[in-house]
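Novice: Pasting upload.cif below, which is mmCIF, C-alpha atoms.
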```
data_data
loop_
_atom_site.group_PDB
_atom_site.id
_atom_site.type_symbol
_atom_site.label_atom_id
_atom_site.label_comp_id
_atom_site.auth_asym_id
_atom_site.auth_seq_id
_atom_site.Cartn_x
_atom_site.Cartn_y
_atom_site.Cartn_z
ATOM 1 C CA GLY K 1193 4.589 1.700 -33.235
ATOM 2 C CA TRP K 1194 1.465 3.783 -32.825
ATOM 3 C CA THR K 1195 2.724 5.373 -29.603
ATOM 4 C CA ARG K 1196 5.657 6.947 -31.430
ATOM 5 C CA GLU K 1197 3.472 8.153 -34.266
ATOM 6 C CA ALA K 1198 1.029 9.607 -31.728
ATOM 7 C CA LYS K 1199 3.923 11.301 -29.914
ATOM 8 C CA LEU K 1200 2.586 10.220 -26.561
ATOM 9 C CA PRO K 1201 3.950 12.386 -23.753
ATOM 10 C CA PRO K 1202 6.159 10.814 -21.068
ATOM 11 C CA ARG K 1203 4.615 8.626 -18.376
ATOM 12 C CA TRP K 1204 6.168 10.776 -15.618
ATOM 13 C CA SER K 1205 6.610 14.527 -15.181
ATOM 14 C CA ALA K 1206 9.891 16.252 -16.063
ATOM 15 C CA ARG K 1207 10.795 16.597 -12.373
ATOM 16 C CA GLU K 1208 10.103 12.919 -11.760
ATOM 17 C CA ARG K 1209 12.127 11.857 -14.783
ATOM 18 C CA ARG K 1210 15.071 13.904 -13.567
ATOM 19 C CA PHE K 1211 14.789 12.318 -10.121
ATOM 20 C CA LEU K 1212 14.673 8.803 -11.599
ATOM 21 C CA ALA K 1213 17.731 9.493 -13.743
ATOM 22 C CA ARG K 1214 19.654 10.736 -10.713
ATOM 23 C CA CYS K 1215 18.737 7.614 -8.739
ATOM 24 C CA ARG K 1216 19.755 5.278 -11.564
ATOM 25 C CA GLU K 1217 23.083 7.080 -11.961
ATOM 26 C CA THR K 1218 23.868 7.460 -8.256
ATOM 27 C CA TYR K 1219 23.090 3.847 -7.399
ATOM 28 C CA ALA K 1220 23.976 2.204 -10.694
ATOM 29 C CA ALA K 1221 25.928 -0.624 -9.039
ATOM 30 C CA GLU K 1222 23.113 -1.421 -6.608
ATOM 31 C CA PHE K 1223 20.493 -1.542 -9.360
ATOM 32 C CA ALA K 1224 22.741 -3.646 -11.564
ATOM 33 C CA ALA K 1225 23.007 -6.249 -8.798
ATOM 34 C CA ALA K 1226 19.302 -6.191 -7.909
ATOM 35 C CA PRO K 1227 16.863 -8.929 -8.977
ATOM 36 C CA PRO K 1228 14.276 -8.015 -11.651
ATOM 37 C CA TYR K 1229 11.421 -6.998 -9.346
ATOM 38 C CA PRO K 1230 9.730 -3.912 -10.834
ATOM 39 C CA ASP K 1231 7.601 -3.503 -7.716
ATOM 40 C CA VAL K 1232 10.789 -3.210 -5.660
ATOM 41 C CA TYR K 1233 13.294 -1.500 -7.959
ATOM 42 C CA GLY K 1234 11.142 -0.044 -10.745
ATOM 43 C CA ASP K 1235 10.281 3.591 -11.402
ATOM 44 C CA ARG K 1236 7.004 3.479 -9.518
ATOM 45 C CA ARG K 1237 8.670 2.273 -6.325
ATOM 46 C CA LEU K 1238 11.307 4.997 -6.483
ATOM 47 C CA LEU K 1239 8.728 7.679 -7.214
ATOM 48 C CA ARG K 1240 6.900 6.752 -4.018
ATOM 49 C CA VAL K 1241 9.928 8.080 -2.130
ATOM 50 C CA LEU K 1242 9.740 11.430 -3.916
ATOM 51 C CA ARG K 1243 5.959 11.736 -3.702
ATOM 52 C CA MET K 1244 5.962 10.965 0.022
ATOM 53 C CA ASP K 1245 7.505 14.379 0.675
ATOM 54 C CA PRO K 1246 4.986 17.231 0.182
ATOM 55 C CA ALA K 1247 7.936 19.532 -0.568
ATOM 56 C CA PHE K 1248 9.221 17.175 -3.314
ATOM 57 C CA ASP K 1249 12.784 17.617 -2.010
ATOM 58 C CA GLU K 1250 14.694 15.820 -4.754
ATOM 59 C CA ASP K 1251 18.076 15.756 -2.982
ATOM 60 C CA LEU K 1252 16.538 14.287 0.169
ATOM 61 C CA ALA K 1253 14.577 11.728 -1.849
ATOM 62 C CA VAL K 1254 17.710 10.532 -3.666
ATOM 63 C CA THR K 1255 19.407 10.049 -0.285
ATOM 64 C CA LYS K 1256 16.379 8.132 0.998
ATOM 65 C CA VAL K 1257 16.475 5.836 -2.018
ATOM 66 C CA GLY K 1258 20.053 4.971 -1.045
ATOM 67 C CA ALA K 1259 18.934 4.193 2.495
ATOM 68 C CA TYR K 1260 16.109 2.052 1.105
ATOM 69 C CA LEU K 1261 18.484 0.036 -1.075
ATOM 70 C CA ALA K 1262 20.875 -0.494 1.838
ATOM 71 C CA TRP K 1263 18.006 -1.544 4.134
ATOM 72 C CA ARG K 1264 16.846 -4.172 1.661
ATOM 73 C CA GLN K 1265 20.345 -5.559 1.423
ATOM 74 C CA GLU K 1266 20.883 -5.596 5.195
ATOM 75 C CA ASN K 1267 17.522 -7.266 5.880
ATOM 76 C CA ASP K 1268 17.648 -9.750 2.984
ATOM 77 C CA ALA K 1269 14.297 -8.344 1.873
ATOM 78 C CA ASP K 1270 14.618 -9.747 -1.642
ATOM 79 C CA ALA K 1271 14.580 -13.285 -0.259
ATOM 80 C CA MET K 1272 11.198 -12.487 1.297
ATOM 81 C CA ARG K 1273 9.990 -10.887 -1.935
ATOM 82 C CA ALA K 1274 10.958 -14.055 -3.823
ATOM 83 C CA ARG K 1275 8.332 -15.974 -1.848
ATOM 84 C CA VAL K 1276 5.476 -13.587 -2.631
ATOM 85 C CA PRO K 1277 4.193 -15.447 -5.742
ATOM 86 C CA GLU K 1278 3.982 -18.654 -3.735
ATOM 87 C CA LEU K 1279 2.598 -17.379 -0.415
ATOM 88 C CA GLY K 1280 1.334 -13.857 -1.006
ATOM 89 C CA ALA K 1281 -2.407 -14.399 -1.194
ATOM 90 C CA THR K 1282 -2.505 -16.637 1.894
ATOM 91 C CA PRO K 1283 -1.643 -14.774 5.128
ATOM 92 C CA ALA K 1284 -1.744 -18.039 7.079
ATOM 93 C CA LYS K 1285 1.416 -19.042 5.166
ATOM 94 C CA TRP K 1286 3.328 -15.836 5.813
ATOM 95 C CA PRO K 1287 6.096 -15.858 8.439
ATOM 96 C CA HIS K 1288 4.349 -16.821 11.695
ATOM 97 C CA GLY K 1289 1.028 -16.573 9.892
ATOM 98 C CA ASP K 1290 -0.045 -19.921 11.305
ATOM 99 C CA VAL K 1291 -0.115 -18.274 14.747
ATOM 100 C CA LEU K 1292 -1.556 -14.894 13.775
ATOM 101 C CA HIS K 1293 -4.145 -16.013 11.231
ATOM 102 C CA ALA K 1294 -5.733 -18.242 13.853
ATOM 103 C CA CYS K 1295 -7.140 -15.122 15.517
ATOM 104 C CA LEU K 1296 -7.103 -12.297 12.946
ATOM 105 C CA ARG K 1297 -8.356 -11.735 9.417
ATOM 106 C CA LEU K 1298 -6.918 -9.694 6.545
ATOM 107 C CA LEU K 1299 -8.055 -8.481 3.169
ATOM 108 C CA GLN K 1300 -4.765 -7.500 1.559
ATOM 109 C CA CYS K 1301 -4.682 -4.950 -1.283
ATOM 110 C CA SER K 1302 -7.892 -5.951 -3.032
ATOM 111 C CA ASP K 1303 -7.933 -5.893 -6.816
ATOM 112 C CA GLU K 1304 -11.748 -5.817 -6.753
ATOM 113 C CA TYR K 1305 -12.637 -3.127 -4.212
ATOM 114 C CA PHE K 1306 -11.489 0.501 -4.258
ATOM 115 C CA ASP K 1307 -12.370 3.698 -2.426
ATOM 116 C CA LYS K 1308 -13.703 6.758 -4.234
ATOM 117 C CA ASN K 1309 -10.147 7.972 -4.882
ATOM 118 C CA GLY K 1310 -9.189 4.688 -6.539
ATOM 119 C CA HIS K 1311 -7.135 3.391 -3.597
ATOM 120 C CA ALA K 1312 -7.178 -0.407 -3.231
ATOM 121 C CA VAL K 1313 -9.132 -1.483 -0.149
ATOM 122 C CA THR K 1314 -7.230 -3.337 2.578
ATOM 123 C CA VAL K 1315 -8.904 -4.438 5.831
ATOM 124 C CA TYR K 1316 -7.341 -5.615 9.103
ATOM 125 C CA GLN K 1317 -9.450 -7.271 11.800
ATOM 126 C CA ALA K 1318 -7.504 -8.363 14.873
ATOM 127 C CA PHE K 1319 -9.984 -8.413 17.729
ATOM 128 C CA HIS K 1320 -12.291 -11.373 17.169
ATOM 129 C CA TRP K 1321 -11.013 -13.234 20.236
ATOM 130 C CA PRO K 1322 -11.489 -12.167 23.863
ATOM 131 C CA ALA K 1323 -8.537 -10.228 25.249
ATOM 132 C CA PRO K 1324 -7.030 -13.031 27.380
ATOM 133 C CA ALA K 1325 -7.043 -15.513 24.482
ATOM 134 C CA LEU K 1326 -5.714 -12.878 22.078
ATOM 135 C CA ARG K 1327 -2.859 -11.964 24.408
ATOM 136 C CA ALA K 1328 -1.938 -15.609 24.857
ATOM 137 C CA GLN K 1329 -1.884 -16.196 21.086
ATOM 138 C CA VAL K 1330 -0.211 -13.014 19.813
ATOM 139 C CA GLY K 1331 1.937 -12.636 22.916
ATOM 140 C CA SER K 1332 3.631 -15.926 22.118
ATOM 141 C CA LEU K 1333 5.492 -14.147 19.298
ATOM 142 C CA THR K 1334 8.444 -11.808 19.713
ATOM 143 C CA THR K 1335 8.472 -8.293 18.329
ATOM 144 C CA GLU K 1336 10.820 -9.439 15.547
ATOM 145 C CA GLU K 1337 8.469 -12.280 14.631
ATOM 146 C CA LEU K 1338 5.546 -9.854 14.446
ATOM 147 C CA MET K 1339 7.678 -7.577 12.273
ATOM 148 C CA ALA K 1340 8.466 -10.450 9.878
ATOM 149 C CA PHE K 1341 4.730 -10.901 9.322
ATOM 150 C CA ALA K 1342 4.330 -7.156 8.718
ATOM 151 C CA ARG K 1343 7.271 -7.057 6.290
ATOM 152 C CA PHE K 1344 5.871 -9.891 4.229
ATOM 153 C CA GLY K 1345 2.535 -8.102 4.035
ATOM 154 C CA ALA K 1346 4.307 -4.987 2.803
ATOM 155 C CA GLU K 1347 6.150 -6.963 0.117
ATOM 156 C CA TYR K 1348 2.883 -8.539 -1.027
ATOM 157 C CA ASN K 1349 1.102 -5.191 -1.106
ATOM 158 C CA GLY K 1350 3.897 -3.708 -3.208
ATOM 159 C CA SER K 1351 3.603 -6.536 -5.706
ATOM 160 C CA GLN K 1352 -0.178 -6.161 -5.888
ATOM 161 C CA MET K 1353 -0.059 -2.389 -6.330
ATOM 162 C CA GLU K 1354 2.447 -2.718 -9.166
ATOM 163 C CA ARG K 1355 0.104 -5.157 -10.899
ATOM 164 C CA ILE K 1356 -2.924 -2.887 -10.391
ATOM 165 C CA SER K 1357 -0.985 0.160 -11.599
ATOM 166 C CA ARG K 1358 0.076 -1.613 -14.779
ATOM 167 C CA ALA K 1359 -3.468 -2.828 -15.435
ATOM 168 C CA ARG K 1360 -4.780 0.717 -15.083
ATOM 169 C CA GLU K 1361 -2.134 2.037 -17.437
ATOM 170 C CA ALA K 1362 -3.145 -0.615 -19.955
ATOM 171 C CA VAL K 1363 -6.706 0.712 -19.831
ATOM 172 C CA VAL K 1364 -5.453 4.260 -20.364
ATOM 173 C CA LEU K 1365 -3.359 3.176 -23.343
ATOM 174 C CA LYS K 1366 -6.203 1.141 -24.808
ATOM 175 C CA ASP K 1367 -8.437 4.201 -24.744
ATOM 176 C CA ALA K 1368 -5.680 6.352 -26.260
ATOM 177 C CA ARG K 1369 -5.172 3.758 -29.019
ATOM 178 C CA LYS K 1370 -8.888 3.806 -29.796
ATOM 179 C CA ARG K 1371 -8.849 7.580 -30.195
ATOM 180 C CA PHE K 1372 -5.645 7.347 -32.244
ATOM 181 C CA ASP K 1373 -7.300 4.930 -34.655
ATOM 182 C CA GLU K 1374 -10.391 7.117 -34.908
ATOM 183 C CA ARG K 1375 -8.302 10.182 -35.755
ATOM 184 C CA LYS K 1376 -6.244 8.302 -38.306
ATOM 185 C CA LYS K 1377 -9.334 6.912 -40.013
ATOM 186 C CA ALA K 1378 -10.794 10.406 -40.181
ATOM 187 C CA GLY K 1379 -7.556 11.840 -41.572
ATOM 188 C CA ALA K 1380 -7.130 14.090 -38.531
ATOM 189 C CA PRO K 1381 -3.801 14.833 -36.815
ATOM 190 C CA VAL K 1382 -3.095 11.930 -34.456
ATOM 191 C CA ASP K 1383 -0.972 13.971 -32.042
ATOM 192 C CA ASP K 1384 -2.816 17.301 -31.849
ATOM 193 C CA PRO K 1385 -4.283 17.733 -29.334
ATOM 194 C CA PRO K 1386 -2.194 15.206 -27.396
ATOM 195 C CA LEU K 1387 -3.952 11.934 -26.635
ATOM 196 C CA LEU K 1388 -2.612 11.989 -23.065
ATOM 197 C CA ASN K 1389 -1.185 14.541 -20.673
ATOM 198 C CA GLU K 1390 2.401 14.337 -19.462
ATOM 199 C CA GLY K 1391 2.633 12.352 -16.229
ATOM 200 C CA TRP K 1392 -0.176 9.951 -17.110
ATOM 201 C CA GLY K 1393 1.505 7.055 -15.285
ATOM 202 C CA GLU K 1394 -0.333 5.339 -12.427
ATOM 203 C CA VAL K 1395 0.921 4.920 -8.857
ATOM 204 C CA THR K 1396 -1.730 2.989 -6.934
ATOM 205 C CA GLN K 1397 -2.117 3.432 -3.172
ATOM 206 C CA LEU K 1398 -4.059 1.674 -0.426
ATOM 207 C CA CYS K 1399 -7.229 2.548 1.428
ATOM 208 C CA ALA K 1400 -6.319 0.785 4.676
ATOM 209 C CA ILE K 1401 -9.131 0.040 7.128
ATOM 210 C CA THR K 1402 -8.299 -1.118 10.654
ATOM 211 C CA ASP K 1403 -11.379 -2.481 12.394
ATOM 212 C CA MET K 1404 -11.200 -1.956 16.158
ATOM 213 C CA ALA K 1405 -14.503 -3.720 16.920
ATOM 214 C CA GLY K 1406 -13.980 -5.825 20.022
ATOM 215 C CA CYS K 1407 -10.785 -4.033 21.015
ATOM 216 C CA THR K 1408 -10.226 -3.290 24.689
ATOM 217 C CA PHE K 1409 -7.202 -2.065 26.618
ATOM 218 C CA GLY K 1410 -6.523 -5.669 27.486
ATOM 219 C CA SER K 1411 -6.410 -6.560 23.783
ATOM 220 C CA ILE K 1412 -3.527 -4.239 22.963
ATOM 221 C CA MET K 1413 -1.476 -4.126 26.158
ATOM 222 C CA MET K 1414 1.152 -6.674 25.143
ATOM 223 C CA PRO K 1415 4.890 -6.126 25.691
ATOM 224 C CA THR K 1416 5.800 -7.316 22.182
ATOM 225 C CA LEU K 1417 2.871 -5.791 20.251
ATOM 226 C CA ILE K 1418 3.327 -2.111 21.036
ATOM 227 C CA PRO K 1419 7.015 -2.045 19.979
ATOM 228 C CA ALA K 1420 6.046 -3.962 16.826
ATOM 229 C CA VAL K 1421 3.401 -1.344 15.937
ATOM 230 C CA VAL K 1422 5.911 1.472 16.423
ATOM 231 C CA GLN K 1423 8.601 -0.325 14.398
ATOM 232 C CA ALA K 1424 6.137 -1.232 11.640
ATOM 233 C CA THR K 1425 4.987 2.393 11.388
ATOM 234 C CA GLN K 1426 8.592 3.581 11.067
ATOM 235 C CA MET K 1427 9.318 0.839 8.545
ATOM 236 C CA PHE K 1428 6.420 1.870 6.340
ATOM 237 C CA LEU K 1429 7.353 5.545 6.510
ATOM 238 C CA ASN K 1430 11.013 4.940 5.667
ATOM 239 C CA TYR K 1431 11.054 1.903 3.376
ATOM 240 C CA TYR K 1432 7.503 1.501 2.019
ATOM 241 C CA PRO K 1433 6.512 5.159 1.583
ATOM 242 C CA TYR K 1434 3.488 6.514 -0.251
ATOM 243 C CA ILE K 1435 1.788 3.135 0.106
ATOM 244 C CA VAL K 1436 -1.265 4.222 2.105
ATOM 245 C CA GLY K 1437 -3.409 6.925 0.542
ATOM 246 C CA ARG K 1438 -5.960 6.845 3.358
ATOM 247 C CA LEU K 1439 -6.091 5.066 6.731
ATOM 248 C CA HIS K 1440 -9.457 4.585 8.406
ATOM 249 C CA ILE K 1441 -9.543 3.326 11.997
ATOM 250 C CA ILE K 1442 -13.163 2.249 12.512
ATOM 251 C CA ASN K 1443 -15.334 1.110 15.428
ATOM 252 C CA CYS K 1444 -12.959 2.741 17.873
ATOM 253 C CA GLN K 1445 -13.818 3.387 21.532
ATOM 254 C CA PRO K 1446 -13.309 7.070 22.485
ATOM 255 C CA THR K 1447 -10.522 6.458 25.001
ATOM 256 C CA ILE K 1448 -8.630 4.157 22.643
ATOM 257 C CA ALA K 1449 -9.183 6.647 19.800
ATOM 258 C CA ALA K 1450 -7.579 9.384 21.895
ATOM 259 C CA ILE K 1451 -4.567 7.161 22.610
ATOM 260 C CA PHE K 1452 -4.230 6.371 18.905
ATOM 261 C CA ARG K 1453 -4.281 10.036 17.949
ATOM 262 C CA ARG K 1454 -1.592 10.945 20.489
ATOM 263 C CA ALA K 1455 0.588 7.976 19.548
ATOM 264 C CA LEU K 1456 0.330 8.637 15.810
ATOM 265 C CA ALA K 1457 1.058 12.333 16.220
ATOM 266 C CA SER K 1458 4.263 11.470 18.107
ATOM 267 C CA ILE K 1459 5.781 9.243 15.385
ATOM 268 C CA VAL K 1460 4.039 10.204 12.116
ATOM 269 C CA PRO K 1461 4.636 13.423 10.117
ATOM 270 C CA GLU K 1462 1.765 15.897 10.080
ATOM 271 C CA HIS K 1463 1.059 15.476 6.362
ATOM 272 C CA VAL K 1464 0.622 11.725 6.950
ATOM 273 C CA VAL K 1465 -1.571 12.263 10.020
ATOM 274 C CA ARG K 1466 -3.936 14.223 7.775
ATOM 275 C CA ARG K 1467 -4.573 11.034 5.806
ATOM 276 C CA ILE K 1468 -5.769 9.207 8.929
ATOM 277 C CA THR K 1469 -9.395 9.254 10.087
ATOM 278 C CA VAL K 1470 -10.524 7.718 13.372
ATOM 279 C CA HIS K 1471 -14.196 6.720 13.217
ATOM 280 C CA PRO K 1472 -16.041 6.172 16.517
ATOM 281 C CA ILE K 1473 -18.313 3.192 17.099
ATOM 282 C CA GLY K 1474 -21.501 3.575 15.069
ATOM 283 C CA SER K 1475 -20.086 6.190 12.689
ATOM 284 C CA ARG K 1476 -21.077 5.871 9.037
ATOM 285 C CA ASP K 1477 -18.692 8.536 7.751
ATOM 286 C CA ILE K 1478 -16.568 5.940 5.992
ATOM 287 C CA PHE K 1479 -19.252 5.713 3.301
ATOM 288 C CA ASP K 1480 -18.196 9.196 2.240
ATOM 289 C CA GLN K 1481 -14.895 7.626 1.174
ATOM 290 C CA VAL K 1482 -15.803 4.042 0.262
ATOM 291 C CA ALA K 1483 -19.003 3.086 -1.555
ATOM 292 C CA ARG K 1484 -21.030 0.333 0.109
ATOM 293 C CA GLU K 1485 -20.500 -2.031 -2.812
ATOM 294 C CA HIS K 1486 -16.732 -1.706 -2.334
ATOM 295 C CA LEU K 1487 -16.753 -2.150 1.447
ATOM 296 C CA PRO K 1488 -16.780 -5.741 2.792
ATOM 297 C CA VAL K 1489 -19.942 -6.860 4.549
ATOM 298 C CA GLN K 1490 -17.912 -7.655 7.672
ATOM 299 C CA VAL K 1491 -17.262 -3.934 8.193
ATOM 300 C CA GLY K 1492 -20.713 -2.653 7.254
ATOM 301 C CA GLY K 1493 -20.620 -2.648 3.463
ATOM 302 C CA GLN K 1494 -22.188 -4.838 0.798
ATOM 303 C CA ALA K 1495 -19.147 -6.473 -0.806
ATOM 304 C CA PRO K 1496 -18.740 -10.224 -0.243
ATOM 305 C CA CYS K 1497 -15.368 -11.069 1.237
ATOM 306 C CA ASP K 1498 -14.353 -14.609 2.138
ATOM 307 C CA GLU K 1499 -11.012 -13.371 3.489
ATOM 308 C CA LEU K 1500 -12.819 -11.685 6.392
ATOM 309 C CA ILE K 1501 -14.979 -14.620 7.489
ATOM 310 C CA PRO K 1502 -14.328 -14.647 11.262
ATOM 311 C CA PRO K 1503 -11.911 -17.243 12.664
ATOM 312 C CA PRO K 1504 -13.110 -20.092 14.870
ATOM 313 C CA PRO K 1505 -13.282 -19.226 18.575
ATOM 314 C CA PRO K 1506 -10.177 -19.822 20.666
ATOM 315 C CA PRO K 1507 -9.639 -23.270 22.145
ATOM 316 C CA SER K 1508 -11.369 -23.646 25.467
#
```
Produce structure tokens that represent the structure in this file.
Specialist:
Amino acid sequence: GWTREAKLPPRWSARERRFLARCRETYAAEFAAAPPYPDVYGDRRLLRVLRMDPAFDEDLAVTKVGAYLAWRQENDADAMRARVPELGATPAKWPHGDVLHACLRLLQCSDEYFDKNGHAVTVYQAFHWPAPALRAQVGSLTTEELMAFARFGAEYNGSQMERISRAREAVVLKDARKRFDERKKAGAPVDDPPLLNEGWGEVTQLCAITDMAGCTFGSIMMPTLIPAVVQATQMFLNYYPYIVGRLHIINCQPTIAAIFRRALASIVPEHVVRRITVHPIGSRDIFDQVAREHLPVQVGGQAPCDELIPPPPPPS
């Protein structure tokens, strides 16, 4: 087809192609037995492991891919992924979502709103209810039940980001095809200069926004919640890497912000901490990263967002 005639360069860099080949060879049996989920076992997902490391340590990344494949097998993660098409867009239907969605609201991996770096906007609001009611509701779940909700969200996000990445690549190829046709019509060389640069493939990330409005010490001091947050952070770092491009913690009280910074620094690598910004109450700095028309109205922007309409108050 036209792509061969145009001699389009490879989607990934030479280093990334070598890494992918090593993974496919090293874990050939595991990939052969895996279900056909490109968002889970495709090139983009594997490249997230390599790109997560600022040193691009290929040997370490290949080992981590093996750990990722084993983790999915041990935790039956593919069974959860199989339910994403049915339940993904409705957090209330996720594992234990009937309990959690009664008091929190989520905008998961938007395909409409993006920050200025192209990261898909995701918003978490968990503090609509007063602390006693919130503790009674969320505290009714075990740490493992909270983790099941978090894992399903991660599976859904992965599926969404794969879809967004492919759509963006389609736009890139459509533009390249247009220029190819123009060159051919004009009798010009169709491959010189190249229509695309090597490594033109897309790997979408998230702009995650955690809204702390309404949060007090009483809201977060739950025996099952804190371990779940720690476990979820470790899970994302190890098995869903390179998912979050930026994390914004907004409307945060100074004392809680200080606790967050210390806690994150103790469990998150320094290069990941640099992607996290804690915004105090009243700060408007987030507009430097997310345009108002791409930020939901519920967190100070102008974008309509039904997913973030506040929940009803707790039962009296």
Novice: Do you know which residues are at most 9 Å from Glu1304 of chain K counting all atoms listed in the file, after dropping those on the same chain fewer than 4 positions away, and could you put them as JSON, numbers by chain?
Specialist: {"K": [1312, 1313, 1486]}
Novice: For Tyr1219 of chain K, list every protein, DNA or RNA residue within 8 Å, evaluated using all atoms listed in the file, and leave out those in the same chain fewer than 4 positions away; present the list as a list in words.
Specialist: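 Within the cut-off, the hits are Cys1215, Phe1223 and Gly1258 of chain K.
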Novice: From the set K:Leu1326, K:Val1241, K:Cys1399, K:Ala1226, which residue has the shortest atom-to-atom contact distance to Asp1268 of chain K, counting only C-alpha atoms?
Specialist: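 Under the stated criterion, the closest residue is K:Ala1226.
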Novice: Choose the residue, out of K:Lys1366, K:His1440, K:Lys1308, K:Arg1264, that has the smallest atom-to-atom separation from Arg1343 of chain K; count all atoms listed in the file.
Specialist: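 When distances to Arg1343 of chain K are compared using all atoms listed in the file, the smallest one comes from K:Arg1264.
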Novice: Please determine, counting all atoms listed in the file, which residue among K:Thr1282, K:Asp1383, K:Pro1504, K:Arg1214 has the shortest atom-to-atom distance to Leu1252 of chain K.
Specialist: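 Checking each candidate against Leu1252 of chain K, we get K:Arg1214 as the closest.
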Novice: Counting all atoms listed in the file, what is within 10 Å of Leu1365 of chain K, bar same-chain residues fewer than 4 positions away, as a PyMOL selection string?
Specialist: chain K and resi 1195+1200+1359-1361+1369-1371+1387-1388+1392
Novice: Just give me the residues with any atom within 6 Å of (4.3, -1.0, -7.5), file coordinates, counting only C-alpha atoms, written as a PyMOL selection string.
Specialist: chain K and resi 1231+1236-1237+1350-1351+1353-1354
Novice: What would the selection look like, as a PyMOL selection string, if the PyMOL selection byres ((chain K and resi 1275) around 12) were run on the coordinates I just shared?
Specialist: chain K and resi 1269-1274+1276-1282+1285-1287+1344-1345+1347-1348+1351
Novice: Here is a test: counting only C-alpha atoms, which residue of K:Gln1423, K:Pro1385, K:Val1254, K:Asn1349 is nearest to Glu1336 of chain K?
Specialist: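 Closest to Glu1336 of chain K, using only C-alpha atoms: K:Gln1423.
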Novice: Which protein, DNA or RNA residues have an atom at most 12 Å from (12.3, 5.1, -7.6), counting all atoms listed in the file? List them as a VMD selection string.
Specialist: chain K and resid 1204 1208 to 1219 1223 1230 to 1244 1250 1253 to 1258 1260 to 1261 1395 1431 to 1434
Novice: Enclose all atoms of segment 1414-1423 of chain K listed in the file in an axis-aligned box, grow every side by 3 Å, and hand back centre and edge lengths in Å to one decimal, as lines of an AutoDock Vina configuration file.
Specialist:
```
center_x = 4.9
center_y = -2.9
center_z = 20.0
size_x = 13.4
size_y = 14.8
size_z = 17.3
```
Novice: As an exercise, work out the distance from atom CA of Leu1333 of chain K to atom CA of Leu1398 of chain K in Å and give it to one decimal place.
Specialist: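 Result for atom CA of Leu1333 of chain K versus atom CA of Leu1398 of chain K: 27.0 Å, one decimal.
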Novice: How many Å lie between atom CA of Pro1202 of chain K and atom CA of Glu1390 of chain K, rounded to one decimal?
Specialist: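 Atom CA of Glu1390 of chain K lies at a distance of 5.4 Å from atom CA of Pro1202 of chain K.
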Novice: Tell me which residues the PyMOL selection byres ((chain K and resi 1409) around 12) grabs here, as a PyMOL selection string.
Specialist: chain K and resi 1319+1322-1324+1326-1327+1404+1406-1408+1410-1414+1418+1444-1449+1451-1452
Novice: Write a file of the selected residues as a PDB file, in the coordinates of the input, keeping C-alpha atoms.
Specialist:
```pdb
ATOM      1  CA  PHE K1319      -9.984  -8.413  17.729  1.00  0.00           C
ATOM      2  CA  PRO K1322     -11.489 -12.167  23.863  1.00  0.00           C
ATOM      3  CA  ALA K1323      -8.537 -10.228  25.249  1.00  0.00           C
ATOM      4  CA  PRO K1324      -7.030 -13.031  27.380  1.00  0.00           C
ATOM      5  CA  LEU K1326      -5.714 -12.878  22.078  1.00  0.00           C
ATOM      6  CA  ARG K1327      -2.859 -11.964  24.408  1.00  0.00           C
ATOM      7  CA  MET K1404     -11.200  -1.956  16.158  1.00  0.00           C
ATOM      8  CA  GLY K1406     -13.980  -5.825  20.022  1.00  0.00           C
ATOM      9  CA  CYS K1407     -10.785  -4.033  21.015  1.00  0.00           C
ATOM     10  CA  THR K1408     -10.226  -3.290  24.689  1.00  0.00           C
ATOM     11  CA  GLY K1410      -6.523  -5.669  27.486  1.00  0.00           C
ATOM     12  CA  SER K1411      -6.410  -6.560  23.783  1.00  0.00           C
ATOM     13  CA  ILE K1412      -3.527  -4.239  22.963  1.00  0.00           C
ATOM     14  CA  MET K1413      -1.476  -4.126  26.158  1.00  0.00           C
ATOM     15  CA  MET K1414       1.152  -6.674  25.143  1.00  0.00           C
ATOM     16  CA  ILE K1418       3.327  -2.111  21.036  1.00  0.00           C
ATOM     17  CA  CYS K1444     -12.959   2.741  17.873  1.00  0.00           C
ATOM     18  CA  GLN K1445     -13.818   3.387  21.532  1.00  0.00           C
ATOM     19  CA  PRO K1446     -13.309   7.070  22.485  1.00  0.00           C
ATOM     20  CA  THR K1447     -10.522   6.458  25.001  1.00  0.00           C
ATOM     21  CA  ILE K1448      -8.630   4.157  22.643  1.00  0.00           C
ATOM     22  CA  ALA K1449      -9.183   6.647  19.800  1.00  0.00           C
ATOM     23  CA  ILE K1451      -4.567   7.161  22.610  1.00  0.00           C
ATOM     24  CA  PHE K1452      -4.230   6.371  18.905  1.00  0.00           C
TER      25      PHE K1452
END
```
Novice: Counting only C-alpha atoms, which of K:Asp1477, K:Asp1403, K:Asp1245, K:Asp1367 gets nearest to Gln1317 of chain K?
Specialist: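 Smallest distance to Gln1317 of chain K is found for K:Asp1403.
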